[in-house]
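Let me begin by presenting the structure, written as structure tokens, before commenting on it.
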Amino acid sequence: MDHKVVGSSGTAKNEEVDWSNSSVCNGPSHLSQSVTLFQLIVIGFLTTIVCIIGIFGNACSVIVLSSPKMKSSLNCILLGLTICDTVLIFNTLIIFSIPAISGYFDIGLSYSSLIEYTTPMLYASGMTAQTGSVYSVIAVTVERFIAVCHPLYARSICTWSRAKFYTLGVLLFSILYNIPRWGEFVTMERETENNSTYPRNEMTELRCNPDYIFYYVQWTNFVVMILFPIVVLIVLNIIIFAEVHRSNSRRQELSKFQTREISLAVMLLIVVAVFLGCSILPFVNNFMESMGMPLDQDIVDLSNFLVAVNSSVNCFIYCIFGAKFRKHFFRLLIRIFPCLSSCFKNTLPDFYPLSNTTHTIRLNCQNSERRSMTSVPTAVIQTHTNSNKLTVPYQPVQV
């Protein structure tokens with residue numbers, strides 16, 4: 001859910017890449033060569049913690065959102081958004097956070113070599129996931145705009161089948177738009193003074209082409225990944241916010257369906273607000289980079305941290321504002337960590353299956369010879385968890 005353009009928008013010559021100004025997933029990084037204390041704390045420690053929490057939370061969100069009981073058009077798009085965010089923060093962890101720690105303490109040289117070989121692929125997939133995240137947020141906003149501002153069309157447009165089509169469309173667009181990214185970098189073997197070799201990521205001729213830099217890296221990326229998303233999100237969310245404000249003044253007149261749609265719209269307003277808040281600094285960095293302006297490395301590292309935070313916090317927003325999501329999320333946590341059951345039972349009793357729940361089993365009994373219009377008793381066996389007694393009342397039914 002972040003906006004970043006590739007680092008080094010400058011010289012068109014084939015040389016070793018200096019990624020001192022690159023953002024997360026913007027290109028191969030060699031933090032292991034010179035890692036400052038600020039990078040160790042922000043990129044190494046804080047970003048690692050955020051990424052680990054985000055990967056776990058997003059994995060749980062994928063399980064919850066893909067369950068049959070959560071089947072809706074909104075949840076389908078959120079599922080695609082969560083998957084893209086997970087890929088993005090995973091790449092951030094592998095390319096930046098772990099190398100920052102190993103580089104500062106001068107460990108993991110074999111890991112560094114492995115990263116050199118895999119970074120071009122991780123970079124391209126990260127850029128694809130980034131595009132998918134941005135346009136998934138736009139798709140969610142459009143879906144909420146239709147549901148809140150045009151409820152008569154929502155029942156036919158905002159359906160599960162159509163949402164799958166929208167999500168696949170976002171994924172397809174993200175893949176097609178980022179096809180050139182797969183040809184921007186290549187891993188080359190370089191020799192040291194003692195005749196040993198080491199891998200280095202270098203820009204290809206495509207990435208060094210001045211026309212490619214000007215038209216695709218700078219202006220196309222600026223319009224597609226910065227200008228258009230910001231304008232659409234701000235305009236639509238202002239309209240949604242105004243409609244929500246009007247609806248709250250006449251809440252008693254709203255149907256149950258409309259009330260639920262308004263509540264979901266409020267949750268998505270929070271998601272977009274966090275998205276824009278965490279993306280302001282990357283937006284500025286991208287614009288400066290597109291214009292060829294120099295960037296301060298500490299500001300870039302801070303923006304990368306905000307990107308990781310933005311891609312990791314959505315599951316918490318869903319839990320706070322989505323009662324149904326929260327219910328299934330906590331039950332999933334109880335299955336994963338049974339030791340949390342007592343905690344949820346005491347603090348959130350309405351989300352935890354109570355021990356005194358009465359289980360009812362109905363046994364339909366039929367005579368071997370069918371008799372029309374005859375009452376046959378149906379046994380209902382009620383078992384109480386805290387009791388060994390069985391009560392068997394009878395209820396006549398028509399068979």
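Residues in the structure tokens are numbered from 1 in each chain, the chains being A, B, ... in the order shown, and ligands are numbered from 1 in the order shown.
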
Exercise for review: Determine which residues of region 96-288 of chain A receive a DSSP assignment of helix (DSSP H, G or I), computed from the backbone, and state them as number ranges by chain.
Suggested key: A: 96-104, 109-149, 151-157, 160-177, 179-183, 205-208, 210-249, 251-253, 256-288

Can I get the residues of region 94-170 of chain A within 10 Å of region 177-198 of chain A, each with the closest pair of atoms and their distance in Å to one decimal, using only C-alpha atoms, sorted chain first then ascending number, as a Markdown table?
| residue | atom | partner | partner_atom | distance |
| --- | --- | --- | --- | --- |
| A:Ser113 | CA | A:Tyr198 | CA | 7.3 |
| A:Glu116 | CA | A:Thr187 | CA | 6.7 |
| A:Tyr117 | CA | A:Thr187 | CA | 5.8 |
| A:Thr118 | CA | A:Thr187 | CA | 8.5 |
| A:Thr119 | CA | A:Thr187 | CA | 8.5 |
| A:Pro120 | CA | A:Phe185 | CA | 5.7 |
| A:Met121 | CA | A:Trp182 | CA | 6.8 |
| A:Leu122 | CA | A:Trp182 | CA | 9.4 |
| A:Tyr123 | CA | A:Arg181 | CA | 7.9 |
| A:Ala124 | CA | A:Arg181 | CA | 5.2 |
| A:Ser125 | CA | A:Trp182 | CA | 8.2 |
| A:Gly126 | CA | A:Asn178 | CA | 9.7 |
| A:Met127 | CA | A:Asn178 | CA | 6.8 |
| A:Thr128 | CA | A:Asn178 | CA | 5.8 |
| A:Ala129 | CA | A:Asn178 | CA | 9.5 |
| A:Gln130 | CA | A:Asn178 | CA | 9.9 |
| A:Thr131 | CA | A:Asn178 | CA | 8.2 |

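Using only C-alpha atoms, the smallest distance between any of A:Val64, A:Val231, A:Met293, A:Val307 and Phe330 (chain A) comes from A:Val64.
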
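Nearest residue to Thr141 (chain A), choosing from A:Trp219, A:Cys158, A:Ile213, A:Pro68 and counting only C-alpha atoms: A:Cys158.
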
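Residues surrounding Leu333 (chain A) within 10 Å are A:Cys60, A:Cys339, A:Leu340, A:Ser341, A:Phe344 [only C-alpha atoms; sequence separation below 6 positions excluded].
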
Would you mind exporting the chosen residues as a tab-separated table (two decimals), in the first residue's frame, restricted to C-alpha atoms?
chain	number	residue	atom	x	y	z
A	60	CYS	CA	-4.78	-14.64	9.92
A	339	CYS	CA	-3.79	-20.64	26.18
A	340	LEU	CA	-5.62	-17.43	25.19
A	341	SER	CA	-9.05	-19.00	25.67
A	344	PHE	CA	-10.96	-14.07	25.71

Practice item. Within 10 Å of Leu269 (chain A), counting only C-alpha atoms, which residues show up once you throw out same-chain ones fewer than 3 positions away? Write them as a PyMOL selection string, please. Key: chain A and resi 141+144+233+237-238+240-241+263-266+272-275

Point to revise | DSSP-assigned strand (DSSP E) among region 97-327 of chain A, expressed as a PyMOL selection string | key: chain A and resi 185-191+197-203

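In this model, the gap between CA of Ile336 (chain A) and CA of Gly54 (chain A) comes to 16.5 Å.
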